[in-house]
file data.cif (mmCIF, C-alpha atoms and all ligand atoms)
data_work
loop_
_atom_site.label_atom_id
_atom_site.label_comp_id
_atom_site.auth_asym_id
_atom_site.auth_seq_id
_atom_site.Cartn_x
_atom_site.Cartn_y
_atom_site.Cartn_z
CA MET Z 3 54.82 81.35 7.20
CA LYS Z 4 58.04 82.77 5.77
CA ARG Z 5 60.58 80.09 4.91
CA LYS Z 6 63.85 80.29 6.88
CA ARG Z 7 66.95 81.10 4.84
CA LEU Z 8 68.94 77.94 4.25
CA ARG Z 9 72.10 79.47 5.73
CA ASP Z 10 70.29 80.25 9.00
CA VAL Z 11 69.05 76.67 9.26
CA LEU Z 12 72.57 75.35 8.71
CA ALA Z 13 74.42 77.78 10.97
CA ASP Z 14 75.38 75.13 13.55
CA LYS Z 15 75.91 72.30 11.07
CA LEU Z 16 78.56 73.64 8.68
CA THR Z 17 81.77 75.62 9.06
CA PRO Z 18 81.55 79.37 8.31
CA GLU Z 19 83.60 78.75 5.16
CA GLU Z 20 81.13 76.06 3.98
CA LEU Z 21 78.15 78.21 4.94
CA ARG Z 22 79.36 81.01 2.67
CA LYS Z 23 79.20 78.59 -0.27
CA VAL Z 24 75.59 77.54 0.32
CA TYR Z 25 72.98 79.00 -2.06
CA ASN Z 26 70.34 80.62 0.10
CA SER Z 27 67.27 79.83 -1.91
CA TYR Z 28 65.72 76.51 -2.84
CA ASP Z 29 62.37 75.49 -4.27
CA VAL Z 30 59.69 73.50 -2.48
CA ILE Z 31 57.24 71.94 -4.93
CA GLY Z 32 54.53 70.01 -3.11
CA ASP Z 33 56.45 67.70 -0.76
CA ILE Z 34 59.73 67.84 -2.72
CA ALA Z 35 62.55 70.31 -2.06
CA VAL Z 36 64.98 71.01 -4.91
CA ILE Z 37 68.37 72.36 -3.91
CA ARG Z 38 71.38 73.55 -5.89
CA LEU Z 39 74.86 72.89 -4.49
CA ARG Z 40 78.39 73.83 -5.48
CA ASP Z 41 80.47 70.70 -6.26
CA GLU Z 42 82.77 71.31 -3.28
CA LEU Z 43 79.72 70.93 -0.99
CA ALA Z 44 78.49 67.70 -2.61
CA GLU Z 45 79.58 65.67 0.44
CA LYS Z 46 77.40 67.86 2.66
CA ALA Z 47 74.28 67.27 0.57
CA LYS Z 48 72.65 64.93 3.12
CA ILE Z 49 73.35 67.31 6.04
CA ILE Z 50 71.77 70.16 4.11
CA ALA Z 51 68.82 68.00 3.04
CA ASN Z 52 68.30 66.84 6.60
CA ALA Z 53 68.21 70.43 7.85
CA ILE Z 54 65.54 71.27 5.30
CA MET Z 55 63.44 68.26 6.28
CA GLU Z 56 63.80 69.11 9.98
CA THR Z 57 62.53 72.64 9.50
CA GLN Z 58 59.85 71.89 6.91
CA SER Z 59 57.69 68.97 7.93
CA ARG Z 60 55.86 68.83 4.61
CA VAL Z 61 59.11 68.04 2.72
CA LYS Z 62 59.37 64.27 2.22
CA THR Z 63 62.07 64.22 -0.48
CA VAL Z 64 65.12 66.35 -1.23
CA LEU Z 65 66.52 66.37 -4.76
CA ARG Z 66 69.63 68.13 -6.03
CA GLN Z 67 69.51 69.94 -9.35
CA VAL Z 68 72.67 68.90 -11.21
CA SER Z 69 72.13 70.60 -14.57
CA PRO Z 70 70.55 73.82 -15.72
CA VAL Z 71 67.15 73.73 -17.41
CA SER Z 72 67.97 72.56 -20.92
CA ASP Z 73 66.85 70.87 -24.16
CA VAL Z 74 63.58 71.42 -25.99
CA TYR Z 75 61.48 70.22 -23.06
CA ARG Z 76 63.23 72.60 -20.61
CA VAL Z 77 63.92 69.79 -18.13
CA ARG Z 78 66.64 69.81 -15.45
CA LYS Z 79 68.64 66.79 -14.27
CA LEU Z 80 67.91 65.86 -10.66
CA GLU Z 81 69.69 63.57 -8.22
CA TRP Z 82 68.03 62.03 -5.19
CA VAL Z 83 69.59 63.17 -1.88
CA LEU Z 84 67.27 62.21 1.01
CA GLY Z 85 63.80 60.95 1.87
CA GLU Z 86 61.37 59.12 -0.39
CA ARG Z 87 62.88 58.19 -3.77
CA LYS Z 88 60.47 59.95 -6.08
CA THR Z 89 60.23 62.85 -8.50
CA GLU Z 90 56.42 63.11 -8.75
CA THR Z 91 54.45 65.39 -6.48
CA GLU Z 92 51.31 67.50 -6.21
CA TYR Z 93 51.63 71.25 -6.00
CA LYS Z 94 48.89 73.72 -5.06
CA GLU Z 95 48.66 77.25 -6.45
CA PHE Z 96 45.74 79.70 -6.17
CA GLY Z 97 43.24 76.95 -5.45
CA CYS Z 98 44.44 74.70 -8.30
CA VAL Z 99 46.25 71.38 -7.95
CA PHE Z 100 49.05 70.36 -10.30
CA LYS Z 101 50.50 66.89 -10.56
CA VAL Z 102 54.04 67.10 -11.89
CA ASP Z 103 57.01 64.81 -12.45
CA LEU Z 104 60.00 67.06 -11.92
CA ALA Z 105 62.38 64.68 -13.71
CA ASN Z 106 60.46 64.68 -16.99
CA MET Z 107 58.90 68.09 -17.47
CA TYR Z 108 59.41 71.74 -16.71
CA PHE Z 109 57.96 73.20 -13.56
CA SER Z 110 58.74 76.31 -11.54
CA PRO Z 111 56.91 77.61 -8.47
CA ARG Z 112 58.66 80.95 -8.99
CA LEU Z 113 56.21 82.03 -11.67
CA SER Z 114 53.10 81.86 -9.51
CA ASN Z 115 52.59 85.65 -9.23
CA GLU Z 116 53.02 85.99 -12.98
CA ARG Z 117 50.48 83.25 -13.63
CA ILE Z 118 47.76 84.88 -11.53
CA ARG Z 119 48.63 88.32 -12.95
CA ILE Z 120 47.90 87.02 -16.46
CA ALA Z 121 44.80 85.10 -15.36
CA ARG Z 122 43.28 88.29 -13.95
CA LYS Z 123 43.64 90.04 -17.29
CA VAL Z 124 41.57 87.50 -19.20
CA GLY Z 125 38.12 88.78 -20.10
CA GLU Z 126 34.86 86.83 -20.21
CA GLY Z 127 34.41 84.79 -23.39
CA GLU Z 128 37.98 85.19 -24.61
CA VAL Z 129 39.75 82.53 -26.66
CA VAL Z 130 43.25 82.03 -25.28
CA ILE Z 131 46.18 80.10 -26.76
CA ASN Z 132 48.99 79.01 -24.45
CA MET Z 133 51.77 78.12 -26.90
CA PHE Z 134 54.14 76.53 -24.36
CA ALA Z 135 51.87 75.17 -21.67
CA GLY Z 136 53.90 72.53 -19.79
CA VAL Z 137 51.63 70.72 -17.31
CA GLY Z 138 48.94 73.35 -17.84
CA THR Z 139 49.66 75.78 -15.01
CA TYR Z 140 48.80 79.08 -16.72
CA SER Z 141 45.94 77.50 -18.69
CA ILE Z 142 44.23 75.96 -15.67
CA ILE Z 143 44.69 79.01 -13.44
CA ILE Z 144 43.14 81.15 -16.19
CA ALA Z 145 40.21 78.74 -16.52
CA LYS Z 146 39.65 78.74 -12.74
CA HIS Z 147 40.07 82.45 -12.05
CA SER Z 148 38.54 84.03 -15.18
CA LYS Z 149 35.83 83.11 -17.63
CA PRO Z 150 37.49 82.34 -20.97
CA LYS Z 151 35.55 80.53 -23.67
CA LYS Z 152 38.45 78.20 -24.47
CA VAL Z 153 42.13 77.89 -23.57
CA TYR Z 154 44.09 75.92 -26.20
CA SER Z 155 47.00 74.52 -24.26
CA ILE Z 156 49.91 73.34 -26.43
CA ASP Z 157 53.13 71.56 -25.47
CA ILE Z 158 55.66 69.54 -27.44
CA ASN Z 159 56.62 67.24 -24.53
CA PRO Z 160 54.36 64.11 -24.54
CA GLU Z 161 54.97 63.51 -20.81
CA ALA Z 162 54.02 67.10 -19.94
CA VAL Z 163 50.83 66.78 -21.99
CA LYS Z 164 49.98 63.51 -20.23
CA TYR Z 165 50.20 65.30 -16.87
CA MET Z 166 48.39 68.34 -18.29
CA LYS Z 167 45.43 66.10 -19.19
CA GLU Z 168 45.38 64.74 -15.64
CA ASN Z 169 45.57 68.25 -14.20
CA ILE Z 170 42.71 69.40 -16.40
CA ALA Z 171 40.60 66.54 -15.00
CA ILE Z 172 41.71 67.08 -11.37
CA ASN Z 173 40.77 70.76 -11.60
CA LYS Z 174 37.54 70.03 -13.52
CA VAL Z 175 38.18 72.42 -16.41
CA GLN Z 176 37.68 69.90 -19.24
CA GLU Z 177 35.02 72.11 -20.84
CA VAL Z 178 37.45 75.00 -21.19
CA VAL Z 179 41.07 73.84 -21.40
CA ILE Z 180 41.96 71.85 -24.53
CA PRO Z 181 45.29 69.97 -24.28
CA ILE Z 182 47.22 69.67 -27.55
CA LEU Z 183 50.46 67.78 -28.11
CA GLY Z 184 52.76 69.26 -30.73
CA ASP Z 185 54.98 72.07 -31.89
CA ALA Z 186 53.14 75.35 -31.31
CA ARG Z 187 53.83 76.59 -34.85
CA GLU Z 188 52.53 73.44 -36.49
CA VAL Z 189 49.46 73.29 -34.25
CA ILE Z 190 48.55 76.92 -34.94
CA GLU Z 191 49.15 76.61 -38.68
CA ARG Z 192 47.03 73.46 -38.78
CA GLY Z 193 43.93 74.90 -37.14
CA LEU Z 194 44.24 77.92 -34.85
CA LYS Z 195 45.06 80.81 -37.20
CA ARG Z 196 43.04 84.02 -36.64
CA SER Z 197 41.24 82.41 -33.69
CA ALA Z 198 42.49 83.96 -30.45
CA ASP Z 199 41.99 87.08 -28.35
CA ARG Z 200 45.08 86.41 -26.27
CA ILE Z 201 48.32 84.45 -26.71
CA LEU Z 202 50.74 83.32 -23.99
CA MET Z 203 54.38 82.68 -24.91
CA PRO Z 204 56.04 81.35 -21.71
CA LEU Z 205 59.19 80.05 -23.41
CA PRO Z 206 61.63 82.94 -23.02
CA GLU Z 207 64.42 81.23 -24.99
CA ARG Z 208 62.35 80.88 -28.18
CA ALA Z 209 59.47 83.35 -27.95
CA LEU Z 210 61.03 85.77 -30.45
CA ASP Z 211 61.29 83.00 -33.09
CA TYR Z 212 57.60 82.23 -32.63
CA LEU Z 213 56.29 85.81 -32.50
CA ASP Z 214 55.12 85.75 -36.14
CA CYS Z 215 53.12 82.64 -35.35
CA ALA Z 216 51.52 84.30 -32.30
CA VAL Z 217 50.45 87.22 -34.48
CA GLU Z 218 49.01 84.76 -37.02
CA ALA Z 219 46.95 83.15 -34.25
CA LEU Z 220 45.28 86.41 -33.19
CA LYS Z 221 41.88 87.36 -34.55
CA PRO Z 222 41.98 89.84 -37.49
CA GLU Z 223 40.95 92.66 -35.13
CA GLY Z 224 44.01 91.92 -32.98
CA GLY Z 225 44.41 91.09 -29.30
CA TRP Z 226 47.02 90.58 -26.60
CA ILE Z 227 50.36 88.78 -26.61
CA HIS Z 228 52.08 87.99 -23.31
CA TYR Z 229 55.69 87.70 -24.32
CA TYR Z 230 58.65 86.48 -22.24
CA SER Z 231 62.42 86.80 -22.74
CA PHE Z 232 65.68 86.60 -20.82
CA GLU Z 233 67.70 89.81 -20.84
CA HIS Z 234 71.04 90.84 -19.42
CA GLY Z 235 71.56 94.17 -17.67
CA LYS Z 236 71.78 95.97 -14.36
CA LYS Z 237 68.82 98.33 -14.49
CA ARG Z 238 65.13 97.60 -14.84
CA ASP Z 239 64.56 100.06 -17.68
CA GLU Z 240 67.61 98.77 -19.53
CA VAL Z 241 66.49 95.12 -19.56
CA ILE Z 242 62.86 95.88 -20.35
CA GLY Z 243 64.06 98.27 -23.07
CA LYS Z 244 66.22 95.54 -24.64
CA SER Z 245 63.26 93.18 -24.84
CA LYS Z 246 61.01 95.88 -26.30
CA GLU Z 247 63.59 96.75 -28.97
CA LYS Z 248 63.81 93.17 -30.25
CA VAL Z 249 60.04 92.73 -30.24
CA SER Z 250 59.46 96.09 -31.94
CA GLU Z 251 61.84 95.26 -34.76
CA LYS Z 252 60.19 91.92 -35.36
CA LEU Z 253 56.63 93.29 -35.25
CA ARG Z 254 57.51 96.22 -37.54
CA ASN Z 255 58.92 93.71 -40.05
CA LEU Z 256 55.66 91.79 -39.79
CA LYS Z 257 53.81 95.05 -40.53
CA VAL Z 258 51.84 94.83 -37.34
CA CYS Z 259 50.36 97.82 -35.54
CA PHE Z 260 51.06 97.42 -31.81
CA GLU Z 261 51.75 99.11 -28.51
CA PHE Z 262 53.32 97.97 -25.23
CA ASP Z 263 51.24 97.98 -22.12
CA GLU Z 264 52.95 96.63 -19.02
CA GLY Z 265 56.63 95.62 -19.05
CA ARG Z 266 58.04 93.99 -15.95
CA ILE Z 267 60.83 91.88 -14.52
CA VAL Z 268 59.35 88.58 -13.43
CA ARG Z 269 62.43 87.24 -11.64
CA GLU Z 270 66.20 87.22 -11.60
CA THR Z 271 67.63 84.12 -13.30
CA GLY Z 272 71.37 84.72 -12.70
CA PRO Z 273 73.77 87.57 -11.93
CA ASN Z 274 72.32 90.48 -13.95
CA TRP Z 275 70.07 88.13 -15.92
CA HIS Z 276 66.33 88.66 -15.77
CA GLN Z 277 63.14 87.14 -17.08
CA VAL Z 278 61.13 89.95 -18.62
CA ALA Z 279 57.39 89.93 -19.36
CA LEU Z 280 55.87 92.24 -21.95
CA ASP Z 281 52.14 92.67 -22.46
CA ILE Z 282 51.73 93.66 -26.09
CA LYS Z 283 48.48 95.02 -27.50
CA VAL Z 284 48.35 94.09 -31.17
CA LYS Z 285 45.92 96.30 -32.99
CA LYS Z 286 44.49 95.50 -36.36
CA LYS Z 287 47.15 93.90 -38.54
CA ARG Z 288 48.09 96.37 -41.29
C1 LIG Y 301 59.59 77.19 -19.72
S1 LIG Y 301 58.43 75.87 -19.95
C2 LIG Y 301 56.92 76.65 -19.44
C3 LIG Y 301 55.86 75.67 -19.03
C4 LIG Y 301 54.61 76.29 -18.37
N1 LIG Y 301 54.06 77.37 -19.14
C5 LIG Y 301 54.87 76.71 -16.95
O1 LIG Y 301 54.97 77.91 -16.68
O2 LIG Y 301 54.98 75.84 -16.09
C6 LIG Y 301 58.32 75.81 -21.68
C7 LIG Y 301 57.53 74.64 -22.24
O3 LIG Y 301 57.53 74.77 -23.67
C8 LIG Y 301 57.56 73.47 -24.24
N2 LIG Y 301 58.04 73.64 -25.63
C9 LIG Y 301 59.30 73.83 -26.08
N3 LIG Y 301 59.31 74.01 -27.41
C10 LIG Y 301 58.02 73.95 -27.81
C11 LIG Y 301 57.38 74.08 -29.08
N4 LIG Y 301 58.08 74.29 -30.18
N5 LIG Y 301 56.03 73.98 -29.14
C12 LIG Y 301 55.30 73.73 -28.01
N6 LIG Y 301 55.86 73.59 -26.78
C13 LIG Y 301 57.19 73.71 -26.68
C14 LIG Y 301 58.47 72.66 -23.33
O4 LIG Y 301 58.20 71.29 -23.43
C15 LIG Y 301 58.10 73.26 -21.95
O5 LIG Y 301 57.11 72.49 -21.31
#
call {"tool": "encode", "arguments": {"input": "data.cif", "output": "structure tokens", "more": "lines below"}}
Ligand SMILES: C[S@@+](CC[C@H](N)C(=O)[O-])C[C@H]1O[C@@H](n2cnc3c(N)ncnc32)[C@H](O)[C@@H]1O
result
Amino acid sequence: MKRKRLRDVLADKLTPEELRKVYNSYDVIGDIAVIRLRDELAEKAKIIANAIMETQSRVKTVLRQVSPVSDVYRVRKLEWVLGERKTETEYKEFGCVFKVDLANMYFSPRLSNERIRIARKVGEGEVVINMFAGVGTYSIIIAKHSKPKKVYSIDINPEAVKYMKENIAINKVQEVVIPILGDAREVIERGLKRSADRILMPLPERALDYLDCAVEALKPEGGWIHYYSFEHGKKRDEVIGKSKEKVSEKLRNLKVCFEFDEGRIVRETGPNWHQVALDIKVKKKR
């Protein structure tokens, strides 16, 4: 069922002036709703939370996001608004279950189409490395929906890796998904060089810095890199072009033979800001 726009739900609860200031979208992760609010509407937080809980019976807790996603672990600050006082929940996506603590690790339900898109590209027997795996979403969906040999699933946040291990067990993919705590570069340099058919880089802020490492991790005959970045611009071709330019320069410097397959906008992240995904076919390294 399509979720009602927040403004429609609140039409008889706020003044027209207040309504105009309400952000229309909010995330529901398991039984927790996460809202963003302008400061001038802070006093109305409970009214807004109540309206969400009235219209969505599965929502048991409403949290307010009070900082952008930040720091190395990509975590956002959350404040409790209404309902059960908790930040942990279980989220279902494409037949997989993910336990997540929203206060201590990154999680976004807005990437679900991207996760299944990548999973469907994975061929039988492939070795996959997920360099920035969080609670294991991409890795587990790949293991459930395709037939990889192994998915090495790396994250630097100890709490995220703790939940990733639980999620691997819940989804019964222990034979395939290998959780690894650490910095992706160090982990790859220590033992995963020249090992993978496919690399995932779902950390748009830093993927360019780690691109050399992703190339290092591919088998000598090459493979695929799924690369993400944030780009500014009004038109689709412009933002995808910007991402391709930066990647091309870096890969040419690394003396890598490559071509772009699909390039797409995954989602809008702010006014004229977009998350871009590039599927890069790396052919034999020169
Ligand atoms: C944007 S989140 C993506 C998480 C996951 N792939 C998802 O879609 O839910 C990026 C993740 O990269 C992790 N991270 C940041 N720097 C890292 C590094 N140098 N090595 C490994 N993981 C890192 C963060 O802890 C965070 O969980």
call {"tool": "closest_residue", "arguments": {"input": "data.cif", "among": "Z:Leu21, Z:Val268, Z:Ala35, Z:Ala47", "to": "Pro204 of chain Z", "atoms": "only C-alpha atoms"}}
result
Z:Val268
call {"tool": "residues_near_point", "arguments": {"input": "data.cif", "point": "(56.3, 82.0, -22.5)", "cutoff": "12 Å", "atoms": "only C-alpha atoms", "output": "count of residues only"}}
result
43
call {"tool": "closest_residue", "arguments": {"input": "data.cif", "among": "Z:Met107, Z:Ile37, Z:Ile182, Z:Val217", "to": "Asp73 of chain Z", "atoms": "only C-alpha atoms"}}
result
Z:Met107
call {"tool": "atom_distance", "arguments": {"input": "data.cif", "atom1": "atom CA of Ile31 of chain Z", "atom2": "atom CA of Tyr75 of chain Z"}}
result
18.7 Å
call {"tool": "atom_distance", "arguments": {"input": "data.cif", "atom1": "atom CA of Leu194 of chain Z", "atom2": "atom CA of Gly225 of chain Z"}}
result
14.3 Å
